[in-house]
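As structure tokens, the structure follows; a few thoughts come after it.
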Amino acid sequence: MSERTGTVPRRRPPQGSPARAVVPPRRASGAPARARSGSGPTPPRPRAAVASRPRMIALVTVMSLVLVTFAARLVYVQGITGPEVALEARANRMTTAQVLGARGEITDANGVVLATSVERYHVTINQRQVANYRARGSSDGLGGAAGVASRLAPVLGMNAAELGGRLVGDRGYVVVARNVLPDVAREVRALRLDGVGVERVASRVYPKGTVAGNIVGFVNSKGEGLQGLEYALHEQLKGTAGEERYERGKGGQQIPGGESALTPAQDGSSARLTIDSDLQWKAEEQLRAKVAETGADGGAIVVMRPDGEVLALAESTAFDPNAPGDQATTALSKSVSEIFEPGSTSKVVTMAAALETGVVGPTDRFEVADRWTTPHGETIKDSHDHPVEKLTATGIFAESSNVGTVLIGERLSKDQRYQYLSAFGFGTRTGIEMPGESAGQLRTPDDWHGRDEYAVLFGQAVAVNALQAASVFATIANDGLRVEPRLIAGWTSPDGQYTPSTREPGTQVVSPQTAQTVLSMMESAVDEGTGGNAAIPGYRVAGKTGTAQRFNPSGYTASFIGVAPADDPQVVTAVILHNPRSSIFGGTVAAPVFSNVTGYALQQLGIAPSGAPATLYPATWE
């Protein structure tokens with residue numbers, strides 16, 4: 001052993017002996033290897049380092065696969081299905097709102113608006129979205145229906161508790177306020193409440209209220225005409241709806257700057273009527289006052305021009321289309337829907353037919369008793385008892401004698417009587433634009449029984465509406481040419497182009513000479529006969545009184561229909577009173593109303609007073 005190192009020197013094997021492998025001594029487990037001097041062989045790596053390499057490779061492989069998968073998915077989503085997914089997402093955000101076309105106006109002859117549409121809004125609720133509402137920055141912190149109600153109710157002027165009850169549910173569309181003003185709609189939008197929206201609607205209003213309400217009619221909540229001209233002219237008045245598509249947010253609100261597309265709506269055309277609203281008001285006021293005064297069941301007034309233009313169509317019952325109420329279910333214009341026996345006013349037809357066929361002249365002489373017996377033994381009487389009177393045909397007409405009219409009319413065959421009644425419009429609709437017009441009643445001669453063939457000569461056994469009755473006198477005032485009455489003067493398109501309504505040529509019922517003779521005989525009825533109360537200072541008036549018995553309900557119809565000025569016919573007015581209690585005679589209760597309304601019409605239209613006085617046919621003979 002070396003004293004210096006303390007180690008035993010290795011012995012060399014003997015020369016020539018085989019060499020033996022030298023096995024180094026084992027180290028104790030965990031003992032560090034000693035450093036060796038010199039350049040001996042590299043020691044082996046630890047087992048842990050050798051084992052970590054496969055794990056690292058596996059980890060890298062897995063991470064690479066994951067990254068490749070994500071990359072592939074990203075490429076698939078963004079590059080392949082991306083546009084389709086984006087379109088689907090946008091489609092889910094898109095909503096469509098209908099844009100209503102404005103309904104056309106209805107105006108009178110002078111452009112006074114009788115019906116128009118104004119901008120209004122409905123406030124709508126999506127109950128499912130309301131339930132998800134969360135208060136943002138509010139003092140009460142309420143959410144859901146209670147929160148929405150507490151903020152929305154003050155703007156709408158509603159009770160919050162009542163409104164809150166309407167917000168609870170599972171419905172996607174509920175209207176909680178209708179026809180709110182634009183400033184209210186703006187306040188609702190500014191609240192930005194989930195599930196609360198506003199939609200623009202066109203609300204119908206009637207500025208003149210009850211004036212011409214029976215003519216104009218009204219629409220329902222959807223803007224569809226239900227009565228009157230609103231119903232009859234619905235297709236022309238209504239607009240064509242457009243639509244707006246836009247992106248909406250979670251709360252249903254439109255996303256500013258989002259995609260939107262608008263298909264414009266088309267407004268409807270506007271109707272200009274022949275009605276004069278001031279004259280319509282006057283006729284209504286006079287009629288209702290007389291109904292109240294006489295205790296009548298009702299009545300009607302028709303004012304028209306000889307060429308068929310209707311200037312007023314008044315009813316005794318006021319109707320406000322802004323608040324239809326219970327009257328919405330009844331016929332609004334009884335002037336065209338209610339029929340009655342015309343009585344003596346239809347003697348104009350008998351006289352015109354007799355003159356036209358030449359069976360009588362205006363001065364032909366008759367001896368007229370107060371009653372007459374038919375071949376069937378039935379008695380026809382005048383309105384009052386009187387001795388035999390010596391009357392001309394003109395006198396018979398002026399005194400409105402039933403017996404005298406039969407003496408003239410029996411010279412006409414039954415077919416001729418029917419022919420002229422039909423030619424003057426009995427039994428057929430006039431063609432007026434109003435809905436619900438009745439054709440009246442005119443039976444053929446084969447269906448006449450008993451006294452019917454004589455009764456038709458003085459206005460019984462037939463039935464007409466007020467407009468038909470007025471049209472008979474308009475035909476006489478129009479030189480015997482019968483034209484259809486009309487209410488529509490023309491149409492104005494959405495771009496402002498006005499087009500007058502076309503007129504039918506009409507039918508010549510009697511000659512102008514016959515019409516002029518009848519008109520002169522009608523003057524005698526006012527100046528010398530039963531129609532004296534119809535006189536208008538400064539104007540010549542031609543007309544005829546009427547009284548007819550009613551059977552269902554029982555009573556009488558009193559009337560007066562006339563023309564002014566008789567020397568230049570411009571206005572035809574019919575006044576009808578059903579079952580007046582104060583008097584049954586048209587000359588007493590209806591003629592004064594004619595005078596007031598027609599006098600107002602002449603002034604309103606600027607018609608000059610008459611010139612020379614009338615030259616009348618003699619009414620009596622000696």
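FYI, nothing fancy with the structure tokens labels: chains A, B, ... in order, residues from 1 per chain, ligands from 1 as they appear.
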
message = I need the strand (DSSP E) residues of range 230-415 of chain A per DSSP on the backbone, written as JSON, numbers by chain.
response = {"A": [242, 243, 244, 245, 246, 247, 260, 261, 262, 263, 270, 271, 272, 273, 298, 299, 300, 301, 302, 303, 304, 310, 311, 312, 313, 314, 315, 365, 366, 367, 368, 371, 372, 373, 379, 380, 381, 389, 390, 391, 392]}

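Near Ala489 in chain A, within 12 Å and counting only C-alpha atoms, sit A:Ile106, A:Thr107, A:Asp108, A:Ala109, A:Asn110, A:Gly111, A:Ser270, A:Ala271, A:Arg272, A:Leu273, A:Thr274, A:Ile275, A:Asp276, A:Gly308, A:Glu309, A:Val310, A:Leu311, A:Glu433, A:Pro485, A:Arg486, A:Leu487, A:Trp491, A:Thr492, A:Tyr498, A:Thr499, A:Pro500, A:Ser501, A:Thr502, A:Arg503, not including residues fewer than 2 positions from it in the same chain.
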
Filtered DSSP result for range 368-451 of chain A, state alpha helix (DSSP H), as an NGL selection string = :A and (393-399 or 402-409 or 414-423)

Would you put the residues from that selection into a file with C-alpha atoms, as a PDB file, in the first residue's frame?
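Written output follows (result_18.pdb):
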```pdb
ATOM      1  CA  ALA A 393    -155.523  68.179 -66.755  1.00  0.00           C
ATOM      2  CA  THR A 394    -153.286  70.855 -65.237  1.00  0.00           C
ATOM      3  CA  GLY A 395    -155.867  71.502 -62.506  1.00  0.00           C
ATOM      4  CA  ILE A 396    -156.095  67.777 -61.726  1.00  0.00           C
ATOM      5  CA  PHE A 397    -152.313  67.681 -61.330  1.00  0.00           C
ATOM      6  CA  ALA A 398    -152.168  70.909 -59.280  1.00  0.00           C
ATOM      7  CA  GLU A 399    -154.944  69.771 -56.923  1.00  0.00           C
ATOM      8  CA  ASN A 402    -156.626  60.780 -57.348  1.00  0.00           C
ATOM      9  CA  VAL A 403    -159.934  60.480 -59.167  1.00  0.00           C
ATOM     10  CA  GLY A 404    -158.889  62.939 -61.876  1.00  0.00           C
ATOM     11  CA  THR A 405    -155.565  61.133 -62.315  1.00  0.00           C
ATOM     12  CA  VAL A 406    -157.407  57.853 -62.876  1.00  0.00           C
ATOM     13  CA  LEU A 407    -159.664  59.527 -65.442  1.00  0.00           C
ATOM     14  CA  ILE A 408    -156.512  60.547 -67.350  1.00  0.00           C
ATOM     15  CA  GLY A 409    -154.519  57.370 -66.732  1.00  0.00           C
ATOM     16  CA  LYS A 414    -151.797  48.551 -68.647  1.00  0.00           C
ATOM     17  CA  ASP A 415    -148.666  47.805 -70.638  1.00  0.00           C
ATOM     18  CA  GLN A 416    -148.125  51.530 -71.261  1.00  0.00           C
ATOM     19  CA  ARG A 417    -148.501  52.270 -67.566  1.00  0.00           C
ATOM     20  CA  TYR A 418    -145.908  49.625 -66.736  1.00  0.00           C
ATOM     21  CA  GLN A 419    -143.614  50.742 -69.574  1.00  0.00           C
ATOM     22  CA  TYR A 420    -143.388  54.355 -68.385  1.00  0.00           C
ATOM     23  CA  LEU A 421    -143.027  53.460 -64.712  1.00  0.00           C
ATOM     24  CA  SER A 422    -140.143  51.207 -65.660  1.00  0.00           C
ATOM     25  CA  ALA A 423    -138.623  53.803 -68.005  1.00  0.00           C
TER      26      ALA A 423
END
```

key: Leu577 in chain A environment, 8 Å, only C-alpha atoms, sequence neighbours closer than 6 positions dropped, as a ChimeraX atom specification   = /A:291,296-300,557-559,589-590

Based on the selection just made, write N, CA and C atoms of those residues as a PDB file, in the first residue's frame.
```pdb
ATOM      1  N   VAL A 291    -138.216  66.475 -38.152  1.00  0.00           N
ATOM      2  CA  VAL A 291    -138.599  65.188 -37.551  1.00  0.00           C
ATOM      3  C   VAL A 291    -138.949  65.382 -36.082  1.00  0.00           C
ATOM      4  N   ALA A 296    -142.164  62.662 -36.425  1.00  0.00           N
ATOM      5  CA  ALA A 296    -142.047  61.636 -37.459  1.00  0.00           C
ATOM      6  C   ALA A 296    -141.095  60.525 -37.020  1.00  0.00           C
ATOM      7  N   ASP A 297    -141.288  59.345 -37.619  1.00  0.00           N
ATOM      8  CA  ASP A 297    -140.400  58.225 -37.330  1.00  0.00           C
ATOM      9  C   ASP A 297    -139.007  58.432 -37.922  1.00  0.00           C
ATOM     10  N   GLY A 298    -138.932  59.202 -38.976  1.00  0.00           N
ATOM     11  CA  GLY A 298    -137.659  59.450 -39.645  1.00  0.00           C
ATOM     12  C   GLY A 298    -137.899  60.094 -40.986  1.00  0.00           C
ATOM     13  N   GLY A 299    -136.836  60.209 -41.760  1.00  0.00           N
ATOM     14  CA  GLY A 299    -136.992  60.826 -43.064  1.00  0.00           C
ATOM     15  C   GLY A 299    -135.696  60.902 -43.821  1.00  0.00           C
ATOM     16  N   ALA A 300    -135.762  61.521 -44.981  1.00  0.00           N
ATOM     17  CA  ALA A 300    -134.587  61.658 -45.838  1.00  0.00           C
ATOM     18  C   ALA A 300    -134.757  62.885 -46.716  1.00  0.00           C
ATOM     19  N   THR A 557    -146.621  58.399 -45.352  1.00  0.00           N
ATOM     20  CA  THR A 557    -145.401  59.056 -45.816  1.00  0.00           C
ATOM     21  C   THR A 557    -145.805  60.367 -46.479  1.00  0.00           C
ATOM     22  N   ALA A 558    -145.275  61.462 -45.951  1.00  0.00           N
ATOM     23  CA  ALA A 558    -145.549  62.791 -46.513  1.00  0.00           C
ATOM     24  C   ALA A 558    -144.310  63.267 -47.251  1.00  0.00           C
ATOM     25  N   SER A 559    -144.484  63.876 -48.413  1.00  0.00           N
ATOM     26  CA  SER A 559    -143.320  64.261 -49.213  1.00  0.00           C
ATOM     27  C   SER A 559    -143.599  65.483 -50.064  1.00  0.00           C
ATOM     28  N   VAL A 589    -146.025  69.584 -44.147  1.00  0.00           N
ATOM     29  CA  VAL A 589    -144.821  69.286 -43.354  1.00  0.00           C
ATOM     30  C   VAL A 589    -143.537  69.214 -44.185  1.00  0.00           C
ATOM     31  N   ALA A 590    -143.637  68.783 -45.442  1.00  0.00           N
ATOM     32  CA  ALA A 590    -142.425  68.601 -46.246  1.00  0.00           C
ATOM     33  C   ALA A 590    -142.089  69.811 -47.110  1.00  0.00           C
TER      34      ALA A 590
END
```

query = Could you pull the residues within 10 Å of Gly209 in chain A, counting only C-alpha atoms, minus those fewer than 5 positions along the same chain, as number ranges by chain?
reply = A: 114-115, 318-323

Residue selection dump (all heavy atoms) as a PDB file, in the first residue's frame:
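Listing of result_31.pdb after writing:
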```pdb
ATOM      1  N   LEU A 114    -113.470  64.700 -45.971  1.00  0.00           N
ATOM      2  CA  LEU A 114    -114.481  63.974 -45.207  1.00  0.00           C
ATOM      3  C   LEU A 114    -113.893  62.729 -44.556  1.00  0.00           C
ATOM      4  O   LEU A 114    -114.411  62.265 -43.529  1.00  0.00           O
ATOM      5  CB  LEU A 114    -115.644  63.577 -46.106  1.00  0.00           C
ATOM      6  CG  LEU A 114    -116.367  64.728 -46.825  1.00  0.00           C
ATOM      7  CD1 LEU A 114    -117.437  64.175 -47.759  1.00  0.00           C
ATOM      8  CD2 LEU A 114    -116.984  65.694 -45.825  1.00  0.00           C
ATOM      9  N   ALA A 115    -112.849  62.161 -45.130  1.00  0.00           N
ATOM     10  CA  ALA A 115    -112.183  60.985 -44.565  1.00  0.00           C
ATOM     11  C   ALA A 115    -110.718  61.028 -44.970  1.00  0.00           C
ATOM     12  O   ALA A 115    -110.398  61.284 -46.138  1.00  0.00           O
ATOM     13  CB  ALA A 115    -112.824  59.701 -45.068  1.00  0.00           C
ATOM     14  N   ALA A 318    -128.381  60.907 -36.983  1.00  0.00           N
ATOM     15  CA  ALA A 318    -126.977  61.306 -37.096  1.00  0.00           C
ATOM     16  C   ALA A 318    -126.078  60.091 -36.893  1.00  0.00           C
ATOM     17  O   ALA A 318    -126.336  59.235 -36.042  1.00  0.00           O
ATOM     18  CB  ALA A 318    -126.650  62.382 -36.061  1.00  0.00           C
ATOM     19  N   PHE A 319    -125.009  60.039 -37.664  1.00  0.00           N
ATOM     20  CA  PHE A 319    -124.043  58.948 -37.542  1.00  0.00           C
ATOM     21  C   PHE A 319    -122.637  59.517 -37.624  1.00  0.00           C
ATOM     22  O   PHE A 319    -122.284  60.196 -38.584  1.00  0.00           O
ATOM     23  CB  PHE A 319    -124.254  57.912 -38.650  1.00  0.00           C
ATOM     24  CG  PHE A 319    -123.189  56.850 -38.676  1.00  0.00           C
ATOM     25  CD1 PHE A 319    -123.215  55.820 -37.749  1.00  0.00           C
ATOM     26  CD2 PHE A 319    -122.150  56.901 -39.586  1.00  0.00           C
ATOM     27  CE1 PHE A 319    -122.222  54.850 -37.749  1.00  0.00           C
ATOM     28  CE2 PHE A 319    -121.157  55.938 -39.595  1.00  0.00           C
ATOM     29  CZ  PHE A 319    -121.193  54.909 -38.672  1.00  0.00           C
ATOM     30  N   ASP A 320    -121.828  59.250 -36.603  1.00  0.00           N
ATOM     31  CA  ASP A 320    -120.441  59.717 -36.560  1.00  0.00           C
ATOM     32  C   ASP A 320    -119.514  58.544 -36.847  1.00  0.00           C
ATOM     33  O   ASP A 320    -119.375  57.639 -36.022  1.00  0.00           O
ATOM     34  CB  ASP A 320    -120.116  60.307 -35.192  1.00  0.00           C
ATOM     35  CG  ASP A 320    -118.731  60.959 -35.158  1.00  0.00           C
ATOM     36  OD1 ASP A 320    -117.977  60.831 -36.150  1.00  0.00           O
ATOM     37  OD2 ASP A 320    -118.400  61.594 -34.141  1.00  0.00           O
ATOM     38  N   PRO A 321    -118.853  58.510 -38.011  1.00  0.00           N
ATOM     39  CA  PRO A 321    -117.974  57.382 -38.341  1.00  0.00           C
ATOM     40  C   PRO A 321    -116.742  57.289 -37.443  1.00  0.00           C
ATOM     41  O   PRO A 321    -116.065  56.259 -37.443  1.00  0.00           O
ATOM     42  CB  PRO A 321    -117.582  57.648 -39.797  1.00  0.00           C
ATOM     43  CG  PRO A 321    -117.807  59.109 -40.005  1.00  0.00           C
ATOM     44  CD  PRO A 321    -118.942  59.492 -39.110  1.00  0.00           C
ATOM     45  N   ASN A 322    -116.431  58.360 -36.692  1.00  0.00           N
ATOM     46  CA  ASN A 322    -115.330  58.264 -35.735  1.00  0.00           C
ATOM     47  C   ASN A 322    -115.678  57.352 -34.562  1.00  0.00           C
ATOM     48  O   ASN A 322    -114.778  56.848 -33.883  1.00  0.00           O
ATOM     49  CB  ASN A 322    -114.977  59.657 -35.199  1.00  0.00           C
ATOM     50  CG  ASN A 322    -114.389  60.546 -36.261  1.00  0.00           C
ATOM     51  OD1 ASN A 322    -113.323  60.275 -36.798  1.00  0.00           O
ATOM     52  ND2 ASN A 322    -115.093  61.627 -36.598  1.00  0.00           N
ATOM     53  N   ALA A 323    -116.964  57.175 -34.297  1.00  0.00           N
ATOM     54  CA  ALA A 323    -117.425  56.312 -33.214  1.00  0.00           C
ATOM     55  C   ALA A 323    -118.670  55.582 -33.688  1.00  0.00           C
ATOM     56  O   ALA A 323    -119.789  55.972 -33.350  1.00  0.00           O
ATOM     57  CB  ALA A 323    -117.711  57.135 -31.960  1.00  0.00           C
TER      58      ALA A 323
END
```

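Nearest-residue note for Pro618 in chain A: choosing from A:Gly165, A:Pro592, A:Pro580, A:Gly529, the minimum distance belongs to A:Gly529, counting only C-alpha atoms.
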
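When the distance limit is 9 Å and only C-alpha atoms are what count, the residues near Val348 in chain A, minus those fewer than 4 positions from it on the same chain, are Ser344, Ala352, Ala353, Phe397, Phe458, Val472, Phe473, Ile476, Val518, Met522 and Lys544 of chain A.
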
ask   = Restricting the calculation to only C-alpha atoms, which member of A:Lys390, A:Arg192, A:Arg200, A:Arg103 is positioned closest to His122 in chain A?
value = A:Arg200

request  = Using CA of Ala369 in chain A and CA of Glu523 in chain A as the two end points, give the distance in Å to one decimal.
outcome  = 23.7 Å

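Atom pair CA of Val130 in chain A / CA of Glu199 in chain A: separated by 17.1 Å.
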
Exercise: Val155 in chain A partners within 9 Å, only C-alpha atoms, chain neighbours under 4 positions left out, as a VMD selection string = chain A and resid 151 184 187 to 188

message = Need the shell around Gly440 in chain A: protein/DNA/RNA residues with any atom at most 8 Å away, counting only C-alpha atoms. Skip same-chain ones fewer than 3 positions apart. Format as JSON, numbers by chain?
response = {"A": [339, 426, 427, 428, 429, 462, 463, 464, 465]}

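CA of Asn214 in chain A sits 19.9 Å away from CA of Gly490 in chain A.
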